[in-house]
Every structure is written in C-alpha cells, then in structure tokens.
file final-v9.txt (compact mmCIF, N, CA and C atoms)
# COMPACT_ATOMS: atom_id res chain seq x y z
N MET A 11 41.96 145.59 201.88
CA MET A 11 42.93 145.76 202.93
C MET A 11 43.43 144.39 203.39
N LEU A 12 44.74 144.28 203.56
CA LEU A 12 45.33 143.02 203.99
C LEU A 12 45.14 142.82 205.49
N SER A 13 44.75 141.64 205.85
CA SER A 13 44.59 141.30 207.26
C SER A 13 45.90 140.71 207.78
N LEU A 14 46.58 141.44 208.65
CA LEU A 14 47.85 140.97 209.19
C LEU A 14 47.66 139.80 210.15
N SER A 15 46.46 139.63 210.69
CA SER A 15 46.23 138.51 211.60
C SER A 15 46.24 137.17 210.87
N ALA A 16 46.12 137.21 209.56
CA ALA A 16 46.17 135.97 208.78
C ALA A 16 47.54 135.31 208.87
N TYR A 17 48.58 136.11 208.89
CA TYR A 17 49.93 135.55 208.92
C TYR A 17 50.24 134.82 210.24
N PRO A 18 49.93 135.41 211.40
CA PRO A 18 50.15 134.65 212.64
C PRO A 18 49.29 133.38 212.71
N ALA A 19 48.06 133.46 212.21
CA ALA A 19 47.19 132.28 212.22
C ALA A 19 47.78 131.18 211.35
N LEU A 20 48.27 131.55 210.18
CA LEU A 20 48.89 130.56 209.29
C LEU A 20 50.16 130.01 209.91
N PHE A 21 50.98 130.88 210.48
CA PHE A 21 52.22 130.44 211.12
C PHE A 21 51.93 129.45 212.24
N LEU A 22 51.00 129.80 213.12
CA LEU A 22 50.70 128.94 214.27
C LEU A 22 50.10 127.61 213.83
N SER A 23 49.24 127.63 212.82
CA SER A 23 48.67 126.36 212.35
C SER A 23 49.74 125.50 211.69
N ALA A 24 50.66 126.10 210.96
CA ALA A 24 51.74 125.35 210.31
C ALA A 24 52.72 124.83 211.35
N PHE A 25 53.03 125.66 212.34
CA PHE A 25 53.93 125.24 213.41
C PHE A 25 53.33 124.06 214.17
N GLY A 26 52.09 124.22 214.60
CA GLY A 26 51.43 123.16 215.37
C GLY A 26 51.26 121.88 214.57
N ALA A 27 50.96 122.02 213.29
CA ALA A 27 50.77 120.84 212.44
C ALA A 27 52.06 120.04 212.28
N ALA A 28 53.20 120.70 212.40
CA ALA A 28 54.48 120.00 212.25
C ALA A 28 54.90 119.29 213.52
N THR A 29 54.31 119.66 214.64
CA THR A 29 54.60 118.93 215.87
C THR A 29 53.67 117.72 215.90
N LEU A 30 53.60 117.06 217.00
CA LEU A 30 52.75 115.89 217.09
C LEU A 30 51.29 116.24 217.36
N LEU A 31 50.95 117.54 217.31
CA LEU A 31 49.56 117.98 217.49
C LEU A 31 48.77 117.72 216.21
N PRO A 32 47.52 117.36 216.34
CA PRO A 32 46.71 117.08 215.14
C PRO A 32 46.08 118.36 214.56
N LEU A 33 46.88 119.21 213.96
CA LEU A 33 46.39 120.43 213.34
C LEU A 33 46.54 120.34 211.83
N GLN A 34 45.77 121.15 211.12
CA GLN A 34 45.79 121.14 209.65
C GLN A 34 46.14 122.53 209.12
N SER A 35 47.36 122.73 208.73
CA SER A 35 47.75 124.02 208.17
C SER A 35 47.30 124.15 206.72
N GLU A 36 47.09 123.04 206.05
CA GLU A 36 46.68 123.08 204.64
C GLU A 36 45.34 123.80 204.47
N ALA A 37 44.40 123.54 205.37
CA ALA A 37 43.09 124.18 205.28
C ALA A 37 43.21 125.70 205.44
N VAL A 38 44.06 126.13 206.35
CA VAL A 38 44.25 127.56 206.56
C VAL A 38 44.89 128.18 205.32
N LEU A 39 45.90 127.53 204.78
CA LEU A 39 46.57 128.05 203.59
C LEU A 39 45.59 128.13 202.41
N VAL A 40 44.82 127.09 202.18
CA VAL A 40 43.86 127.09 201.07
C VAL A 40 42.84 128.22 201.24
N ALA A 41 42.34 128.41 202.45
CA ALA A 41 41.37 129.48 202.69
C ALA A 41 41.98 130.85 202.38
N LEU A 42 43.22 131.04 202.80
CA LEU A 42 43.88 132.33 202.53
C LEU A 42 44.18 132.51 201.05
N LEU A 43 44.54 131.43 200.39
CA LEU A 43 44.78 131.51 198.94
C LEU A 43 43.50 131.88 198.20
N LEU A 44 42.41 131.25 198.57
CA LEU A 44 41.13 131.51 197.91
C LEU A 44 40.60 132.91 198.20
N ALA A 45 40.95 133.44 199.36
CA ALA A 45 40.53 134.81 199.69
C ALA A 45 41.22 135.82 198.78
N GLY A 46 42.42 135.49 198.32
CA GLY A 46 43.12 136.33 197.38
C GLY A 46 43.57 137.68 197.91
N GLN A 47 43.71 137.82 199.21
CA GLN A 47 44.09 139.11 199.80
C GLN A 47 45.56 139.20 200.18
N HIS A 48 46.30 138.12 200.01
CA HIS A 48 47.69 138.09 200.45
C HIS A 48 48.58 137.60 199.31
N PRO A 49 49.78 138.12 199.22
CA PRO A 49 50.70 137.66 198.17
C PRO A 49 51.03 136.17 198.36
N LEU A 50 51.04 135.46 197.27
CA LEU A 50 51.34 134.02 197.30
C LEU A 50 52.68 133.75 197.97
N TRP A 51 53.69 134.50 197.59
CA TRP A 51 55.03 134.26 198.14
C TRP A 51 55.05 134.41 199.66
N ALA A 52 54.28 135.39 200.20
CA ALA A 52 54.25 135.62 201.64
C ALA A 52 53.56 134.47 202.37
N LEU A 53 52.47 133.99 201.81
CA LEU A 53 51.77 132.86 202.42
C LEU A 53 52.64 131.61 202.43
N LEU A 54 53.31 131.35 201.31
CA LEU A 54 54.19 130.17 201.23
C LEU A 54 55.36 130.30 202.21
N LEU A 55 55.91 131.49 202.31
CA LEU A 55 57.03 131.71 203.23
C LEU A 55 56.60 131.50 204.69
N VAL A 56 55.48 132.07 205.07
CA VAL A 56 55.01 131.96 206.46
C VAL A 56 54.65 130.51 206.80
N ALA A 57 53.95 129.84 205.90
CA ALA A 57 53.57 128.45 206.14
C ALA A 57 54.81 127.56 206.24
N THR A 58 55.75 127.75 205.33
CA THR A 58 56.97 126.93 205.34
C THR A 58 57.78 127.20 206.60
N LEU A 59 57.96 128.47 206.95
CA LEU A 59 58.72 128.81 208.15
C LEU A 59 58.10 128.19 209.40
N GLY A 60 56.79 128.33 209.55
CA GLY A 60 56.12 127.73 210.71
C GLY A 60 56.25 126.23 210.75
N ASN A 61 56.09 125.59 209.61
CA ASN A 61 56.16 124.13 209.55
C ASN A 61 57.57 123.61 209.81
N VAL A 62 58.57 124.29 209.28
CA VAL A 62 59.96 123.87 209.51
C VAL A 62 60.34 124.08 210.97
N LEU A 63 59.93 125.19 211.55
CA LEU A 63 60.24 125.42 212.97
C LEU A 63 59.54 124.40 213.87
N GLY A 64 58.33 124.00 213.52
CA GLY A 64 57.66 122.94 214.27
C GLY A 64 58.40 121.62 214.16
N SER A 65 58.92 121.33 212.99
CA SER A 65 59.72 120.12 212.80
C SER A 65 61.02 120.19 213.59
N TRP A 66 61.57 121.39 213.69
CA TRP A 66 62.79 121.57 214.48
C TRP A 66 62.52 121.26 215.95
N VAL A 67 61.34 121.63 216.45
CA VAL A 67 60.96 121.29 217.83
C VAL A 67 60.97 119.76 217.99
N ASN A 68 60.42 119.04 217.02
CA ASN A 68 60.44 117.57 217.08
C ASN A 68 61.88 117.06 217.11
N TRP A 69 62.74 117.65 216.29
CA TRP A 69 64.16 117.26 216.25
C TRP A 69 64.79 117.46 217.61
N LEU A 70 64.50 118.62 218.24
CA LEU A 70 65.04 118.90 219.58
C LEU A 70 64.54 117.89 220.61
N LEU A 71 63.25 117.56 220.53
CA LEU A 71 62.70 116.55 221.44
C LEU A 71 63.41 115.21 221.25
N GLY A 72 63.64 114.85 220.00
CA GLY A 72 64.35 113.61 219.71
C GLY A 72 65.76 113.62 220.26
N ARG A 73 66.43 114.75 220.18
CA ARG A 73 67.79 114.86 220.71
C ARG A 73 67.80 114.67 222.23
N SER A 74 66.79 115.19 222.90
CA SER A 74 66.80 115.13 224.36
C SER A 74 66.21 113.85 224.92
N ILE A 75 65.36 113.19 224.18
CA ILE A 75 64.69 112.00 224.71
C ILE A 75 65.67 110.84 224.94
N GLU A 76 66.77 110.84 224.21
CA GLU A 76 67.73 109.75 224.35
C GLU A 76 68.40 109.72 225.72
N HIS A 77 68.36 110.83 226.44
CA HIS A 77 68.93 110.87 227.79
C HIS A 77 68.20 109.92 228.74
N TYR A 78 67.02 109.51 228.35
CA TYR A 78 66.21 108.64 229.20
C TYR A 78 66.27 107.17 228.77
N ARG A 79 67.15 106.83 227.84
CA ARG A 79 67.14 105.48 227.28
C ARG A 79 67.53 104.39 228.27
N GLU A 80 68.17 104.73 229.35
CA GLU A 80 68.54 103.73 230.37
C GLU A 80 67.41 103.48 231.37
N ARG A 81 66.35 104.26 231.27
CA ARG A 81 65.22 104.09 232.19
C ARG A 81 64.40 102.87 231.80
N ARG A 82 63.83 102.23 232.77
CA ARG A 82 63.05 101.02 232.52
C ARG A 82 61.85 101.29 231.62
N TRP A 83 61.25 102.45 231.74
CA TRP A 83 60.04 102.79 231.00
C TRP A 83 60.33 103.23 229.56
N PHE A 84 61.61 103.41 229.20
CA PHE A 84 61.94 103.86 227.85
C PHE A 84 61.39 102.84 226.85
N PRO A 85 60.67 103.29 225.82
CA PRO A 85 59.92 102.37 224.97
C PRO A 85 60.74 101.54 223.98
N VAL A 86 62.05 101.78 223.88
CA VAL A 86 62.86 101.07 222.89
C VAL A 86 64.04 100.40 223.59
N SER A 87 64.28 99.14 223.29
CA SER A 87 65.41 98.43 223.89
C SER A 87 66.72 98.95 223.29
N PRO A 88 67.83 98.81 223.99
CA PRO A 88 69.12 99.25 223.45
C PRO A 88 69.44 98.60 222.09
N ALA A 89 69.09 97.33 221.93
CA ALA A 89 69.35 96.65 220.66
C ALA A 89 68.53 97.25 219.53
N ARG A 90 67.25 97.55 219.81
CA ARG A 90 66.38 98.16 218.79
C ARG A 90 66.85 99.56 218.43
N LEU A 91 67.31 100.29 219.44
CA LEU A 91 67.80 101.64 219.19
C LEU A 91 69.05 101.60 218.31
N GLN A 92 69.93 100.67 218.60
CA GLN A 92 71.13 100.53 217.77
C GLN A 92 70.76 100.12 216.35
N GLN A 93 69.79 99.25 216.20
CA GLN A 93 69.32 98.84 214.88
C GLN A 93 68.72 100.03 214.13
N ALA A 94 67.93 100.82 214.83
CA ALA A 94 67.32 101.99 214.19
C ALA A 94 68.38 103.01 213.78
N GLN A 95 69.41 103.17 214.60
CA GLN A 95 70.50 104.08 214.24
C GLN A 95 71.23 103.60 212.99
N GLY A 96 71.41 102.30 212.87
CA GLY A 96 72.02 101.74 211.67
C GLY A 96 71.15 101.97 210.44
N TRP A 97 69.85 101.76 210.60
CA TRP A 97 68.92 101.99 209.49
C TRP A 97 68.94 103.45 209.10
N TYR A 98 68.91 104.34 210.10
CA TYR A 98 68.89 105.77 209.80
C TYR A 98 70.18 106.22 209.13
N ALA A 99 71.28 105.63 209.52
CA ALA A 99 72.56 105.98 208.88
C ALA A 99 72.52 105.66 207.39
N ARG A 100 71.75 104.65 207.03
CA ARG A 100 71.68 104.24 205.63
C ARG A 100 70.57 104.95 204.86
N TYR A 101 69.38 105.09 205.44
CA TYR A 101 68.23 105.64 204.73
C TYR A 101 67.64 106.90 205.35
N GLY A 102 67.90 107.13 206.61
CA GLY A 102 67.18 108.13 207.37
C GLY A 102 67.21 109.53 206.82
N ARG A 103 68.37 110.02 206.45
CA ARG A 103 68.48 111.39 205.97
C ARG A 103 67.52 111.64 204.82
N TRP A 104 67.46 110.73 203.88
CA TRP A 104 66.62 110.93 202.71
C TRP A 104 65.15 110.64 202.99
N SER A 105 64.88 109.92 204.07
CA SER A 105 63.48 109.72 204.45
C SER A 105 62.85 111.02 204.91
N LEU A 106 63.67 112.00 205.26
CA LEU A 106 63.14 113.31 205.64
C LEU A 106 62.44 114.02 204.49
N LEU A 107 62.68 113.57 203.27
CA LEU A 107 61.93 114.11 202.13
C LEU A 107 60.44 113.78 202.26
N LEU A 108 60.12 112.80 203.10
CA LEU A 108 58.72 112.43 203.35
C LEU A 108 58.16 113.14 204.58
N SER A 109 58.90 114.09 205.12
CA SER A 109 58.46 114.78 206.34
C SER A 109 57.19 115.60 206.13
N TRP A 110 56.80 115.85 204.91
CA TRP A 110 55.58 116.59 204.60
C TRP A 110 54.33 115.72 204.73
N MET A 111 54.49 114.40 204.75
CA MET A 111 53.35 113.49 204.71
C MET A 111 52.62 113.42 206.05
N PRO A 112 51.30 113.35 205.98
CA PRO A 112 50.53 113.15 207.21
C PRO A 112 50.90 111.81 207.86
N VAL A 113 50.75 111.73 209.13
CA VAL A 113 50.96 110.55 209.96
C VAL A 113 52.44 110.18 210.13
N ILE A 114 53.20 110.00 209.06
CA ILE A 114 54.59 109.56 209.20
C ILE A 114 55.59 110.71 209.26
N GLY A 115 55.22 111.87 208.75
CA GLY A 115 56.18 112.97 208.66
C GLY A 115 56.67 113.48 210.00
N ASP A 116 55.76 113.69 210.94
CA ASP A 116 56.15 114.22 212.24
C ASP A 116 57.05 113.25 213.00
N PRO A 117 56.71 111.96 213.07
CA PRO A 117 57.63 111.03 213.74
C PRO A 117 59.00 110.94 213.07
N LEU A 118 59.05 111.09 211.76
CA LEU A 118 60.35 111.08 211.08
C LEU A 118 61.25 112.19 211.58
N THR A 119 60.67 113.37 211.82
CA THR A 119 61.50 114.47 212.29
C THR A 119 61.96 114.25 213.73
N LEU A 120 61.15 113.58 214.52
CA LEU A 120 61.55 113.23 215.88
C LEU A 120 62.69 112.20 215.86
N VAL A 121 62.55 111.19 215.02
CA VAL A 121 63.58 110.15 214.90
C VAL A 121 64.90 110.75 214.41
N ALA A 122 64.82 111.74 213.54
CA ALA A 122 66.04 112.40 213.06
C ALA A 122 66.82 113.00 214.22
N GLY A 123 66.11 113.55 215.19
CA GLY A 123 66.78 114.07 216.38
C GLY A 123 67.39 112.97 217.23
N VAL A 124 66.63 111.89 217.42
CA VAL A 124 67.15 110.75 218.18
C VAL A 124 68.41 110.21 217.53
N MET A 125 68.42 110.18 216.21
CA MET A 125 69.55 109.63 215.47
C MET A 125 70.66 110.64 215.24
N ARG A 126 70.52 111.81 215.84
CA ARG A 126 71.59 112.81 215.81
C ARG A 126 71.90 113.35 214.42
N GLU A 127 70.86 113.50 213.61
CA GLU A 127 71.07 114.11 212.29
C GLU A 127 71.59 115.52 212.50
N ARG A 128 72.55 115.92 211.70
CA ARG A 128 73.09 117.27 211.81
C ARG A 128 72.00 118.27 211.48
N LEU A 129 71.95 119.35 212.27
CA LEU A 129 70.86 120.32 212.16
C LEU A 129 70.79 120.95 210.77
N TRP A 130 71.90 121.33 210.22
CA TRP A 130 71.86 122.02 208.91
C TRP A 130 71.34 121.10 207.82
N ILE A 131 71.67 119.82 207.87
CA ILE A 131 71.15 118.86 206.89
C ILE A 131 69.65 118.66 207.12
N PHE A 132 69.28 118.51 208.38
CA PHE A 132 67.87 118.35 208.74
C PHE A 132 67.06 119.53 208.22
N ILE A 133 67.50 120.75 208.51
CA ILE A 133 66.77 121.95 208.09
C ILE A 133 66.68 122.02 206.57
N ALA A 134 67.77 121.73 205.87
CA ALA A 134 67.76 121.82 204.41
C ALA A 134 66.76 120.83 203.79
N ILE A 135 66.80 119.58 204.22
CA ILE A 135 65.92 118.58 203.62
C ILE A 135 64.47 118.82 204.00
N VAL A 136 64.23 119.13 205.26
CA VAL A 136 62.86 119.36 205.71
C VAL A 136 62.28 120.62 205.05
N THR A 137 63.07 121.66 204.89
CA THR A 137 62.60 122.87 204.22
C THR A 137 62.21 122.57 202.78
N LEU A 138 63.03 121.80 202.10
CA LEU A 138 62.72 121.41 200.72
C LEU A 138 61.38 120.66 200.66
N ALA A 139 61.22 119.70 201.55
CA ALA A 139 60.00 118.89 201.56
C ALA A 139 58.76 119.72 201.91
N LYS A 140 58.87 120.53 202.95
CA LYS A 140 57.72 121.31 203.40
C LYS A 140 57.35 122.40 202.39
N ALA A 141 58.34 123.11 201.88
CA ALA A 141 58.07 124.16 200.88
C ALA A 141 57.49 123.55 199.62
N GLY A 142 58.00 122.40 199.22
CA GLY A 142 57.48 121.72 198.04
C GLY A 142 56.03 121.33 198.21
N ARG A 143 55.67 120.84 199.37
CA ARG A 143 54.28 120.46 199.63
C ARG A 143 53.36 121.66 199.54
N TYR A 144 53.75 122.77 200.18
CA TYR A 144 52.91 123.98 200.13
C TYR A 144 52.83 124.56 198.72
N ALA A 145 53.92 124.50 197.97
CA ALA A 145 53.91 125.02 196.59
C ALA A 145 52.97 124.20 195.72
N VAL A 146 53.00 122.88 195.87
CA VAL A 146 52.10 122.02 195.09
C VAL A 146 50.65 122.28 195.49
N LEU A 147 50.41 122.41 196.78
CA LEU A 147 49.06 122.70 197.26
C LEU A 147 48.55 124.04 196.70
N ALA A 148 49.42 125.03 196.69
CA ALA A 148 49.03 126.35 196.15
C ALA A 148 48.76 126.26 194.67
N ALA A 149 49.59 125.53 193.93
CA ALA A 149 49.39 125.39 192.48
C ALA A 149 48.07 124.70 192.18
N ILE A 150 47.77 123.66 192.93
CA ILE A 150 46.50 122.94 192.72
C ILE A 150 45.32 123.85 193.09
N THR A 151 45.41 124.53 194.21
CA THR A 151 44.32 125.40 194.66
C THR A 151 44.08 126.53 193.65
N LEU A 152 45.13 127.18 193.23
CA LEU A 152 44.96 128.33 192.33
C LEU A 152 44.58 127.92 190.91
N ALA A 153 44.89 126.69 190.53
CA ALA A 153 44.47 126.20 189.21
C ALA A 153 42.96 125.98 189.17
N TRP A 154 42.34 125.72 190.33
CA TRP A 154 40.90 125.50 190.41
C TRP A 154 40.12 126.80 190.33
N VAL A 155 40.77 127.92 190.66
CA VAL A 155 40.07 129.21 190.74
C VAL A 155 39.87 129.78 189.36
call {"tool": "encode", "arguments": {"input": "final-v9.txt", "output": "structure tokens"}}
result
Amino acid sequence: MLSLSAYPALFLSAFGAATLLPLQSEAVLVALLLAGQHPLWALLLVATLGNVLGSWVNWLLGRSIEHYRERRWFPVSPARLQQAQGWYARYGRWSLLLSWMPVIGDPLTLVAGVMRERLWIFIAIVTLAKAGRYAVLAAITLAWV
C-alpha cells in the first residue's frame, strides 16, 4: 500500500532545503526510493516542485530586500550592489545552473531576486538544475539496489 504521507514529507523537506534552512531533502528522497513503494516519476516531481518553490521564496525575498538598501544597517554598499548587478548581468543567469549545490545554491537564488532576474527565466533554469540533481541522485541510488 502506498503511503500518501510520504509525498507531503518529501515536498516539505525539499521546500525547506531550498530556502536558507539547513534541511536535507536528498536523504528523504533516497529513503523513499529505497523503500520502493512510490513511482519514481512521482517522487522526482514532488521533490523538484518543492525545491523550486522554495527557491522561488528566496527569489521573492531578494526582490523585497532591496527596498531596505538605503538603510544604514543594509549589509551592502550602493557601489557594491551596483557592481554585483553588473556581474549578475554578465554571469548571473547561468550561475543559477548551480542552484542545486549545497551552501552556494540557496544564496544564488536570493541574489537572483535582488538582481531582478525575470521570474520565467529564473523558474526555467532553477527547475532544470533542481530536477537534474534529483534525477542523478535517483539514478545513482537505484543503480546500487
């Protein structure tokens, strides 16, 4: 019998892992893959959807945080912010292909919001990166079984 509670658990762990929270969706996915009770496509879809939506939250935070850039406590000077915007205009969009990576991936999605990356481009690149990571993880896990 399929456990429907596995899907919300996977979704929430993937969503949380994509935000700045220190969660591990990979462990949940591997456990569910090894249990063999759920279709591979469904697990990959749920994990990817949760992870992309979590990244979208980071993008939204990045979009709104710039409203505070004139405050004294804002951590980046106007010159540094302008420099970062120039860098992102040149490399930033494609750096989102690294959004699947631990440690640097989550901040990249936040910076994409700060730099005003268009949402549809952000979603497309991040979905490719996140789905690719989960697909590779599933292939490696299932090859061991």
call {"tool": "atom_distance", "arguments": {"input": "final-v9.txt", "atom1": "atom C of Gln34 of chain A", "atom2": "atom C of Leu22 of chain A"}}
result
8.0 Å
call {"tool": "closest_residue", "arguments": {"input": "final-v9.txt", "among": "A:Ala57, A:Ile131, A:Tyr98, A:Gln92", "to": "Tyr144 of chain A", "atoms": "all atoms listed in the file"}}
result
A:Ala57
call {"tool": "atom_distance", "arguments": {"input": "final-v9.txt", "atom1": "atom C of Leu71 of chain A", "atom2": "atom N of Ala122 of chain A"}}
result
8.6 Å
call {"tool": "select_by_dssp", "arguments": {"input": "final-v9.txt", "residues": "segment 15-147 of chain A", "states": "alpha helix (DSSP H)", "output": "PyMOL selection string"}}
result
chain A and resi 16-28+35-45+50-75+88-97+103-105+115-124+129-147
call {"tool": "residues_around", "arguments": {"input": "final-v9.txt", "residues": "segment 145-152 of chain A", "least_positions_apart": "4", "cutoff": "8 Å", "atoms": "all atoms listed in the file", "output": "list in words"}}
result
Glu36, Leu39, Val40, Leu43, Leu44, Leu54, Ala139, Lys140 and Ala141 of chain A
call {"tool": "closest_residue", "arguments": {"input": "final-v9.txt", "among": "A:Trp69, A:Trp104, A:Trp97, A:Trp154", "to": "Thr119 of chain A", "atoms": "all atoms listed in the file"}}
result
A:Trp69
call {"tool": "closest_residue", "arguments": {"input": "final-v9.txt", "among": "A:Leu138, A:Tyr17, A:Glu80, A:Val113", "to": "Ala52 of chain A", "atoms": "all atoms listed in the file"}}
result
A:Tyr17
call {"tool": "atom_distance", "arguments": {"input": "final-v9.txt", "atom1": "atom N of Asn68 of chain A", "atom2": "atom CA of Ala28 of chain A"}}
result
7.7 Å
call {"tool": "closest_residue", "arguments": {"input": "final-v9.txt", "among": "A:Val38, A:Arg100, A:Ala24, A:Gln47", "to": "Leu59 of chain A", "atoms": "only N, CA and C atoms"}}
result
A:Ala24
call {"tool": "closest_residue", "arguments": {"input": "final-v9.txt", "among": "A:Arg126, A:Gly46, A:Leu120, A:Pro88", "to": "Trp66 of chain A", "atoms": "all atoms listed in the file"}}
result
A:Leu120
call {"tool": "build_atoms", "arguments": {"input": "final-v9.txt", "residues": "segment 123-146 of chain A", "atoms": "N, CA, C and O atoms", "output": "PDB file, in the coordinates of the input"}}
result
ATOM      1  N   GLY A 123      66.110 113.550 215.190  1.00  0.00           N
ATOM      2  CA  GLY A 123      66.780 114.070 216.380  1.00  0.00           C
ATOM      3  C   GLY A 123      67.390 112.970 217.230  1.00  0.00           C
ATOM      4  O   GLY A 123      68.520 113.076 217.691  1.00  0.00           O
ATOM      5  N   VAL A 124      66.630 111.890 217.420  1.00  0.00           N
ATOM      6  CA  VAL A 124      67.150 110.750 218.180  1.00  0.00           C
ATOM      7  C   VAL A 124      68.410 110.210 217.530  1.00  0.00           C
ATOM      8  O   VAL A 124      69.389 109.862 218.205  1.00  0.00           O
ATOM      9  N   MET A 125      68.420 110.180 216.210  1.00  0.00           N
ATOM     10  CA  MET A 125      69.550 109.630 215.470  1.00  0.00           C
ATOM     11  C   MET A 125      70.660 110.640 215.240  1.00  0.00           C
ATOM     12  O   MET A 125      71.606 110.371 214.516  1.00  0.00           O
ATOM     13  N   ARG A 126      70.520 111.810 215.840  1.00  0.00           N
ATOM     14  CA  ARG A 126      71.590 112.810 215.810  1.00  0.00           C
ATOM     15  C   ARG A 126      71.900 113.350 214.420  1.00  0.00           C
ATOM     16  O   ARG A 126      73.044 113.631 214.084  1.00  0.00           O
ATOM     17  N   GLU A 127      70.860 113.500 213.610  1.00  0.00           N
ATOM     18  CA  GLU A 127      71.070 114.110 212.290  1.00  0.00           C
ATOM     19  C   GLU A 127      71.590 115.520 212.500  1.00  0.00           C
ATOM     20  O   GLU A 127      71.128 116.220 213.397  1.00  0.00           O
ATOM     21  N   ARG A 128      72.550 115.920 211.700  1.00  0.00           N
ATOM     22  CA  ARG A 128      73.090 117.270 211.810  1.00  0.00           C
ATOM     23  C   ARG A 128      72.000 118.270 211.480  1.00  0.00           C
ATOM     24  O   ARG A 128      71.236 118.104 210.526  1.00  0.00           O
ATOM     25  N   LEU A 129      71.950 119.350 212.270  1.00  0.00           N
ATOM     26  CA  LEU A 129      70.860 120.320 212.160  1.00  0.00           C
ATOM     27  C   LEU A 129      70.790 120.950 210.770  1.00  0.00           C
ATOM     28  O   LEU A 129      69.711 121.066 210.198  1.00  0.00           O
ATOM     29  N   TRP A 130      71.900 121.330 210.220  1.00  0.00           N
ATOM     30  CA  TRP A 130      71.860 122.020 208.910  1.00  0.00           C
ATOM     31  C   TRP A 130      71.340 121.100 207.820  1.00  0.00           C
ATOM     32  O   TRP A 130      70.622 121.536 206.926  1.00  0.00           O
ATOM     33  N   ILE A 131      71.670 119.820 207.870  1.00  0.00           N
ATOM     34  CA  ILE A 131      71.150 118.860 206.890  1.00  0.00           C
ATOM     35  C   ILE A 131      69.650 118.660 207.120  1.00  0.00           C
ATOM     36  O   ILE A 131      68.860 118.639 206.184  1.00  0.00           O
ATOM     37  N   PHE A 132      69.280 118.510 208.380  1.00  0.00           N
ATOM     38  CA  PHE A 132      67.870 118.350 208.740  1.00  0.00           C
ATOM     39  C   PHE A 132      67.060 119.530 208.220  1.00  0.00           C
ATOM     40  O   PHE A 132      66.046 119.346 207.534  1.00  0.00           O
ATOM     41  N   ILE A 133      67.500 120.750 208.510  1.00  0.00           N
ATOM     42  CA  ILE A 133      66.770 121.950 208.090  1.00  0.00           C
ATOM     43  C   ILE A 133      66.680 122.020 206.570  1.00  0.00           C
ATOM     44  O   ILE A 133      65.615 122.326 206.013  1.00  0.00           O
ATOM     45  N   ALA A 134      67.770 121.730 205.870  1.00  0.00           N
ATOM     46  CA  ALA A 134      67.760 121.820 204.410  1.00  0.00           C
ATOM     47  C   ALA A 134      66.760 120.830 203.790  1.00  0.00           C
ATOM     48  O   ALA A 134      65.955 121.217 202.936  1.00  0.00           O
ATOM     49  N   ILE A 135      66.800 119.580 204.220  1.00  0.00           N
ATOM     50  CA  ILE A 135      65.920 118.580 203.620  1.00  0.00           C
ATOM     51  C   ILE A 135      64.470 118.820 204.000  1.00  0.00           C
ATOM     52  O   ILE A 135      63.568 118.740 203.146  1.00  0.00           O
ATOM     53  N   VAL A 136      64.230 119.130 205.260  1.00  0.00           N
ATOM     54  CA  VAL A 136      62.860 119.360 205.710  1.00  0.00           C
ATOM     55  C   VAL A 136      62.280 120.620 205.050  1.00  0.00           C
ATOM     56  O   VAL A 136      61.113 120.629 204.645  1.00  0.00           O
ATOM     57  N   THR A 137      63.070 121.660 204.890  1.00  0.00           N
ATOM     58  CA  THR A 137      62.600 122.870 204.220  1.00  0.00           C
ATOM     59  C   THR A 137      62.210 122.570 202.780  1.00  0.00           C
ATOM     60  O   THR A 137      61.170 123.017 202.293  1.00  0.00           O
ATOM     61  N   LEU A 138      63.030 121.800 202.100  1.00  0.00           N
ATOM     62  CA  LEU A 138      62.720 121.410 200.720  1.00  0.00           C
ATOM     63  C   LEU A 138      61.380 120.660 200.660  1.00  0.00           C
ATOM     64  O   LEU A 138      60.529 120.949 199.825  1.00  0.00           O
ATOM     65  N   ALA A 139      61.220 119.700 201.550  1.00  0.00           N
ATOM     66  CA  ALA A 139      60.000 118.890 201.560  1.00  0.00           C
ATOM     67  C   ALA A 139      58.760 119.720 201.910  1.00  0.00           C
ATOM     68  O   ALA A 139      57.729 119.634 201.236  1.00  0.00           O
ATOM     69  N   LYS A 140      58.870 120.530 202.950  1.00  0.00           N
ATOM     70  CA  LYS A 140      57.720 121.310 203.400  1.00  0.00           C
ATOM     71  C   LYS A 140      57.350 122.400 202.390  1.00  0.00           C
ATOM     72  O   LYS A 140      56.170 122.595 202.088  1.00  0.00           O
ATOM     73  N   ALA A 141      58.340 123.110 201.880  1.00  0.00           N
ATOM     74  CA  ALA A 141      58.070 124.160 200.880  1.00  0.00           C
ATOM     75  C   ALA A 141      57.490 123.550 199.620  1.00  0.00           C
ATOM     76  O   ALA A 141      56.560 124.119 199.018  1.00  0.00           O
ATOM     77  N   GLY A 142      58.000 122.400 199.220  1.00  0.00           N
ATOM     78  CA  GLY A 142      57.480 121.720 198.040  1.00  0.00           C
ATOM     79  C   GLY A 142      56.030 121.330 198.210  1.00  0.00           C
ATOM     80  O   GLY A 142      55.211 121.513 197.301  1.00  0.00           O
ATOM     81  N   ARG A 143      55.670 120.840 199.370  1.00  0.00           N
ATOM     82  CA  ARG A 143      54.280 120.460 199.630  1.00  0.00           C
ATOM     83  C   ARG A 143      53.360 121.660 199.540  1.00  0.00           C
ATOM     84  O   ARG A 143      52.319 121.618 198.901  1.00  0.00           O
ATOM     85  N   TYR A 144      53.750 122.770 200.180  1.00  0.00           N
ATOM     86  CA  TYR A 144      52.910 123.980 200.130  1.00  0.00           C
ATOM     87  C   TYR A 144      52.830 124.560 198.720  1.00  0.00           C
ATOM     88  O   TYR A 144      51.784 125.052 198.312  1.00  0.00           O
ATOM     89  N   ALA A 145      53.920 124.500 197.970  1.00  0.00           N
ATOM     90  CA  ALA A 145      53.910 125.020 196.590  1.00  0.00           C
ATOM     91  C   ALA A 145      52.970 124.200 195.720  1.00  0.00           C
ATOM     92  O   ALA A 145      52.207 124.757 194.916  1.00  0.00           O
ATOM     93  N   VAL A 146      53.000 122.880 195.870  1.00  0.00           N
ATOM     94  CA  VAL A 146      52.100 122.020 195.090  1.00  0.00           C
ATOM     95  C   VAL A 146      50.650 122.280 195.490  1.00  0.00           C
ATOM     96  O   VAL A 146      49.767 122.392 194.636  1.00  0.00           O
TER      97      VAL A 146
END
